[in-house]
Amino acid sequence: MFSELMRLRIRFSKTDAMRFIGHLDLFRSWERTFRRSGLPLAYSLGFHPQPRLNLACALPLGMTSECEIIDAWLECSSPLPDVRRSFASVLPPGIEILGLDLVPAQAPALQTQVISAVYVITLLDMVPDLDGQVDRIITAGELLRCRRDKGYDLRQLVENLTIIPPTDAGQLRLRTQLAARECATGRPEELLDEMGIRFADTRVHREQLIFSIA
Amino acid sequence: MLTPGEINLKLERILPTVQKPARYTGGELNQVIKNWEAIETHMALVFPDIYDIGMSNLGLAILYELINQLPNVLAERAYSPWIDMEASMRKAGIPIFSLESKHPLSEFDIVGFTLPYETLYTNALNILDLAGIPLFTPQRTETDPLIIAGGHATFNPEPMHSFVDAFVIGEGEQVILELISTYQQWKRSGSSRQHLFSKLSSISGVYVPSLYQVHYNSDQTVDRVEKLDERASLPVHKRIVPHLPPPPTHFIVPNIETVHNRVPIEIMRGCTRGCRFCHAGMVTRPVRQRSVAEIVQSIDEALKCTGFEEIGLLSLSSSDYTHISELIQTLTHKFHGQHLGISLPSLRIESFSVDLMNLLIDSRHGGFTLAPEAATEHMRNIINKPLTTAQLLDTAHAIFSRGWTTIKLYFMIGHPDETMDDVKAIADLCKSVLAEGHKVIGRRARLNVGISTFIPKPHTPFQWVPCDTVAQIQTKQALLKSELRHRDIKLTWTDPQVTLLEAWLSRGDRHMVDVVYRAWQNGARFDAWQDQFNFAAWMKAFEDCRLEPFFYTHRERTENEAFPWDHISTGVRKKYLLQEYQLSKISQTRSDCRRQCFACGLLPTYADLRRANPGEEWSCPEVKSPPKVRVADLS
């Protein structure tokens, strides 16, 4: 048993078939990836040992991302290039590693460090008066909504919303920055619904997670 | 028909709106994608229930790996869409497609269904319909795929005989390759579909129903079966592999939870115990075992390939695997400290089983399962699962002493000659087992009791026995429910109507095809799902077809009645089955046939295979006699 565990931070993308994989299933998928890699993933003690993995900021089902982050605790102290090599041929389709870092073991939990998330939304169909819709959101004093029987103000969670240049195929695109704190998370599908756009008629891609400076 | 690209575009809008969209995307680790255009023969492997269930089927995993090893053939998967997805697909005009390349099923050369149990039949029809493939053999033309099926339910293929062009009876590993090669020759020749059927029927183990005619007596029982093509064999002997081929190791790793998330490996095929109600025990003979070295090596490779956290050692009777202690010790030693679960189902009721399970770290999570099937020694003798009550209680005592707090007990009601006393005895025995638990660990002891209902399956010694009526089953279940109302006992049972449906479908003749078709039209599908099961659709179907359900399930057969499945041979002789049935009537048991061969008939049928494969791999006696001059090619 290693007295000091190595805390590894993996930045990864989630695309293709992985787009429809929820948080818990993604967690399980990472456990299997570690098992295939041969890296000694640490497990919790007790009657039901759980792999020591920590995923930040669940990505809603159906969205893709290029900024997912997972922390993993390993019972070894291999150099990062060796760790990277261990993943070479064992990642499932739809997951790609974008960066590996060592994190001090005592650093705070991932989730407490994330404050906002940036999404790019591609609209599959033409939306009349998109500018007007965006303006309405931006200039609103409050946008009261109800989710899972709980009322909240969506406006407070929308930190930024702009129209960006369309795709090569001419599909309109939006970029939005939404709060992603533990108790205040803005959901792109809620924003879309507020704008009268069906989530199924869009592609949502998470571009960036913004961390607190601390 | 839509192209894969068009299907993908339509899916784009639908997937975010259905439950568990990952069921329909494919793209998992270890899936095989080949260049469609460059491959000569395209085969779809279909499990006609949802992904979550079908992905755990070992049979299809074996065939998937095997077929994809062929350079000029590809195999892709398809499963039933769940209700919500089916509605969306029909609305959007999306045909059922393969998960790998998203090609519509109708574009495949061969569509192969696995039918391990009968309540999948209406789903199979629904898939053909969703594919736009004509449902009935005679309606299909040279441009339609060849529809084949295999799996345990197809040992009586007749209730599906009009929908399936060719059945593979028995083990598929070798015969599928011959079938594909025959298909390829036919396709290159450009001849008629009829010609293909004729060629297929000459492959040992292949049953092409349209090449046989069944003649009936005036009372609707079968008179005789006549073959219409001289290449076809009568009876059709099931196919077996003389030597279990290397197990699959490159399992597809689902991204969502499925019923089993593990590396499954067959340690042994077949069973020598001869329980008289057991279909699997009769149809999977002879017993063939894998070596410890092969099992361990395959598990090692499969774990590296998949990352699964559990392995399942599969067989009909794990304790009977000759090297079981060695295997378990090797595995626990080799994989120590890797947080790996090992499941070992189907253990015999004896303290040795408890010793075995004790070696498996973490095995105490799930409870310890025992299947006495009947509660009195008299009844256990009838079904040939001999066991004394003292033995069961001793085993239960040992289980609770070793740290398990829950025992699962499986019983069956509706056995031949069962009285209410026999049923009451189930409740008494459960209470005695729980009392053992209370003695050892006090109030923490728990009991889960599963009560299923006996179905007289084809090809078993009980095939002559009538089923209990729904009223009889209900009376028996009511007795158990009232007797076993206890804080520490959880009781589950099977819906009698589901049992009845399974009995009709497993015992059906060719006329049942109309009922299956009609029931599907009446809305029956997902018959294996409690919340979807539609008994009224089936009763209406019988009525519409003017068939009498009673005829199939509630009448005692005379000893010389010809059964609708008699022209399909498992290698076990009907005379032997009858002998067993008669022994059951005088509650006489027969021992494990490894100790003494009872001449079930299997060995004469497969004598050449046994002769060529001597040694301990098979549990049957060796064949020393010289081969006959006319060697039937059954390999």
# chains A, B, ... in the order shown; residues from 1 in each chain; ligands from 1

call {"tool": "residues_around", "arguments": {"residues": "range 76-93 of chain A", "least_positions_apart": "2", "cutoff": "7 Å", "atoms": "only C-alpha atoms", "output": "number ranges by chain"}}
result
A: 2, 5-6, 33, 36-37, 40, 74, 95; B: 27-29

call {"tool": "interface_residues", "arguments": {"of": "chain B", "to": "chain A", "cutoff": "9 Å", "atoms": "only C-alpha atoms", "output": "compact mmCIF listing (two decimals) with C-alpha atoms, in the first residue's frame"}}
result
# COMPACT_ATOMS: atom_id res chain seq x y z
CA GLU B 12 -30.18 13.08 -34.42
CA ARG B 13 -33.63 14.51 -33.65
CA ILE B 14 -35.06 11.43 -31.99
CA LEU B 15 -32.33 10.20 -29.67
CA PRO B 16 -32.47 13.18 -27.29
CA THR B 17 -36.18 12.48 -26.77
CA LYS B 20 -31.60 5.58 -22.62
CA PRO B 21 -30.57 6.69 -26.12
CA ALA B 22 -27.28 4.79 -25.71
CA THR B 25 -26.06 4.39 -30.85
CA GLY B 26 -23.58 1.50 -30.94
CA GLY B 27 -20.02 2.79 -30.88
CA GLU B 28 -18.94 0.87 -27.77
CA LEU B 29 -15.46 -0.41 -27.08
CA ASN B 30 -14.67 -3.58 -29.04
CA VAL B 253 -18.23 -3.20 -23.34
CA PRO B 254 -21.61 -1.48 -23.06
CA ASN B 255 -21.51 2.16 -21.99
CA ILE B 256 -24.70 1.76 -19.97
CA GLU B 257 -25.59 -0.84 -17.37
CA LEU B 303 -10.26 -8.67 -18.49
CA LYS B 304 -7.43 -6.85 -20.24
CA CYS B 305 -9.66 -6.33 -23.23
CA THR B 306 -12.77 -5.14 -21.41
CA GLY B 307 -11.89 -3.90 -17.92
CA PHE B 308 -14.97 -5.61 -16.48
CA GLU B 309 -14.98 -5.86 -12.71
CA GLN B 338 -7.89 -6.45 -8.05
CA HIS B 339 -11.40 -5.85 -6.68
CA ASP B 362 -16.95 -10.40 -1.72
CA HIS B 365 -22.88 -9.51 -0.97

call {"tool": "select_by_dssp", "arguments": {"residues": "range 360-485 of chain B", "states": "helix (DSSP H, G or I)", "output": "PyMOL selection string"}}
result
chain B and resi 363-366+377-382+389-401+420-444+470-483

call {"tool": "residues_around", "arguments": {"residues": "Glu543 in chain B", "least_positions_apart": "6", "cutoff": "12 Å", "atoms": "only C-alpha atoms", "output": "list in words"}}
result
Asp514, Val515, Arg518, Ala519, Asn522, Ala536, Ala537 and Pro549 of chain B

call {"tool": "write_last_selection", "arguments": {"atoms": "N, CA and C atoms", "output": "PDB file, in the first residue's frame"}}
result
ATOM      1  N   ASP B 514     -50.242 -19.298 -36.464  1.00  0.00           N
ATOM      2  CA  ASP B 514     -51.355 -18.368 -36.669  1.00  0.00           C
ATOM      3  C   ASP B 514     -51.637 -17.580 -35.392  1.00  0.00           C
ATOM      4  N   VAL B 515     -51.517 -18.281 -34.260  1.00  0.00           N
ATOM      5  CA  VAL B 515     -51.797 -17.627 -32.986  1.00  0.00           C
ATOM      6  C   VAL B 515     -50.722 -16.573 -32.687  1.00  0.00           C
ATOM      7  N   ARG B 518     -51.326 -13.645 -34.976  1.00  0.00           N
ATOM      8  CA  ARG B 518     -52.527 -12.929 -34.590  1.00  0.00           C
ATOM      9  C   ARG B 518     -52.310 -12.136 -33.289  1.00  0.00           C
ATOM     10  N   ALA B 519     -51.632 -12.781 -32.338  1.00  0.00           N
ATOM     11  CA  ALA B 519     -51.368 -12.121 -31.050  1.00  0.00           C
ATOM     12  C   ALA B 519     -50.524 -10.863 -31.280  1.00  0.00           C
ATOM     13  N   ASN B 522     -52.666  -8.323 -32.550  1.00  0.00           N
ATOM     14  CA  ASN B 522     -53.514  -7.806 -31.471  1.00  0.00           C
ATOM     15  C   ASN B 522     -52.738  -6.941 -30.484  1.00  0.00           C
ATOM     16  N   ALA B 536     -54.795 -10.863 -22.751  1.00  0.00           N
ATOM     17  CA  ALA B 536     -56.030 -10.761 -23.536  1.00  0.00           C
ATOM     18  C   ALA B 536     -55.730 -10.884 -25.030  1.00  0.00           C
ATOM     19  N   ALA B 537     -54.596 -10.314 -25.456  1.00  0.00           N
ATOM     20  CA  ALA B 537     -54.232 -10.388 -26.877  1.00  0.00           C
ATOM     21  C   ALA B 537     -54.035 -11.843 -27.298  1.00  0.00           C
ATOM     22  N   PRO B 549     -56.749 -23.686 -26.621  1.00  0.00           N
ATOM     23  CA  PRO B 549     -55.506 -23.684 -25.837  1.00  0.00           C
ATOM     24  C   PRO B 549     -55.337 -24.924 -24.952  1.00  0.00           C
TER      25      PRO B 549
END

call {"tool": "residues_around", "arguments": {"residues": "Asp566 in chain B", "least_positions_apart": "4", "cutoff": "9 Å", "atoms": "only C-alpha atoms", "output": "list in words"}}
result
Asn156, Val225, Pro235, Pro458, His459, Ala562 and Lys574 of chain B

call {"tool": "write_last_selection", "arguments": {"atoms": "C-alpha atoms", "output": "short mmCIF file (atom, residue, chain, number, x, y, z; two decimals), in the first residue's frame"}}
result
data_model
loop_
_atom_site.label_atom_id
_atom_site.label_comp_id
_atom_site.auth_asym_id
_atom_site.auth_seq_id
_atom_site.Cartn_x
_atom_site.Cartn_y
_atom_site.Cartn_z
CA ASN B 156 -39.31 -27.02 -30.94
CA VAL B 225 -43.85 -35.71 -40.76
CA PRO B 235 -35.08 -36.50 -38.11
CA PRO B 458 -40.42 -30.75 -25.08
CA HIS B 459 -37.55 -33.25 -25.17
CA ALA B 562 -46.28 -38.28 -31.83
CA LYS B 574 -37.76 -40.73 -26.90
#

call {"tool": "residues_around", "arguments": {"residues": "Ile265 in chain B", "least_positions_apart": "5", "cutoff": "7 Å", "atoms": "only C-alpha atoms", "output": "list in words"}}
result
Pro247, Gly312, Leu313 and Leu314 of chain B

call {"tool": "residues_around", "arguments": {"residues": "Met55 in chain B", "least_positions_apart": "5", "cutoff": "9 Å", "atoms": "only C-alpha atoms", "output": "number ranges by chain"}}
result
B: 47, 50, 60-61, 79, 252-254, 258-260

call {"tool": "write_last_selection", "arguments": {"atoms": "N, CA and C atoms", "output": "mmCIF file, in the first residue's frame"}}
result
data_model
loop_
_atom_site.group_PDB
_atom_site.id
_atom_site.type_symbol
_atom_site.label_atom_id
_atom_site.label_comp_id
_atom_site.auth_asym_id
_atom_site.auth_seq_id
_atom_site.Cartn_x
_atom_site.Cartn_y
_atom_site.Cartn_z
ATOM 1 N N PHE B 47 -30.986 -10.026 -31.119
ATOM 2 C CA PHE B 47 -31.628 -10.506 -29.894
ATOM 3 C C PHE B 47 -32.932 -9.739 -29.788
ATOM 4 N N ILE B 50 -34.721 -5.735 -25.647
ATOM 5 C CA ILE B 50 -33.924 -4.514 -25.648
ATOM 6 C C ILE B 50 -32.434 -4.795 -25.429
ATOM 7 N N LEU B 60 -24.807 -14.891 -28.643
ATOM 8 C CA LEU B 60 -24.562 -13.931 -29.711
ATOM 9 C C LEU B 60 -23.145 -13.377 -29.653
ATOM 10 N N ALA B 61 -22.601 -13.226 -28.436
ATOM 11 C CA ALA B 61 -21.223 -12.738 -28.306
ATOM 12 C C ALA B 61 -20.253 -13.728 -28.954
ATOM 13 N N TYR B 79 -31.219 -4.937 -31.806
ATOM 14 C CA TYR B 79 -32.076 -5.328 -30.688
ATOM 15 C C TYR B 79 -33.439 -4.680 -30.877
ATOM 16 N N ILE B 252 -17.881 -6.838 -26.329
ATOM 17 C CA ILE B 252 -18.223 -5.421 -26.433
ATOM 18 C C ILE B 252 -18.532 -4.912 -25.031
ATOM 19 N N VAL B 253 -18.005 -3.755 -24.676
ATOM 20 C CA VAL B 253 -18.227 -3.200 -23.341
ATOM 21 C C VAL B 253 -19.325 -2.144 -23.425
ATOM 22 N N PRO B 254 -20.525 -2.453 -22.940
ATOM 23 C CA PRO B 254 -21.612 -1.483 -23.057
ATOM 24 C C PRO B 254 -21.290 -0.235 -22.235
ATOM 25 N N THR B 258 -26.105 -3.061 -18.171
ATOM 26 C CA THR B 258 -26.954 -4.085 -18.758
ATOM 27 C C THR B 258 -27.209 -5.133 -17.677
ATOM 28 N N VAL B 259 -27.988 -6.176 -17.978
ATOM 29 C CA VAL B 259 -28.348 -7.097 -16.889
ATOM 30 C C VAL B 259 -27.124 -7.752 -16.257
ATOM 31 N N HIS B 260 -26.163 -8.151 -17.067
ATOM 32 C CA HIS B 260 -24.909 -8.639 -16.506
ATOM 33 C C HIS B 260 -23.785 -7.785 -17.051
#

call {"tool": "select_by_dssp", "arguments": {"residues": "range 543-632 of chain B", "states": "strand (DSSP E or B)", "output": "ChimeraX atom specification"}}
result
/B:562,568-569,618

call {"tool": "write_last_selection", "arguments": {"atoms": "C-alpha atoms", "output": "PDB file, in the first residue's frame"}}
result
ATOM      1  CA  ALA B 562     -46.283 -38.277 -31.829  1.00  0.00           C
ATOM      2  CA  ILE B 568     -36.070 -32.673 -34.172  1.00  0.00           C
ATOM      3  CA  SER B 569     -33.620 -34.907 -32.353  1.00  0.00           C
ATOM      4  CA  TRP B 618     -16.482 -35.528 -22.434  1.00  0.00           C
TER       5      TRP B 618
END

call {"tool": "atom_distance", "arguments": {"atom1": "CA of Arg443 in chain B", "atom2": "CA of Asp488 in chain B"}}
result
8.2 Å

call {"tool": "atom_distance", "arguments": {"atom1": "CA of Ile311 in chain B", "atom2": "CA of Asn261 in chain B"}}
result
8.6 Å

call {"tool": "closest_residue", "arguments": {"among": "A:Ala105, A:His23, A:Ser44, A:Ile10", "to": "Asp71 in chain A", "atoms": "only C-alpha atoms"}}
result
A:Ile10

call {"tool": "atom_distance", "arguments": {"atom1": "CA of Pro138 in chain B", "atom2": "CA of Trp82 in chain B"}}
result
29.0 Å

call {"tool": "residues_around", "arguments": {"residues": "range 97-100 of chain A", "least_positions_apart": "4", "cutoff": "6 Å", "atoms": "only C-alpha atoms", "output": "NGL selection string"}}
result
:A and (9-12)
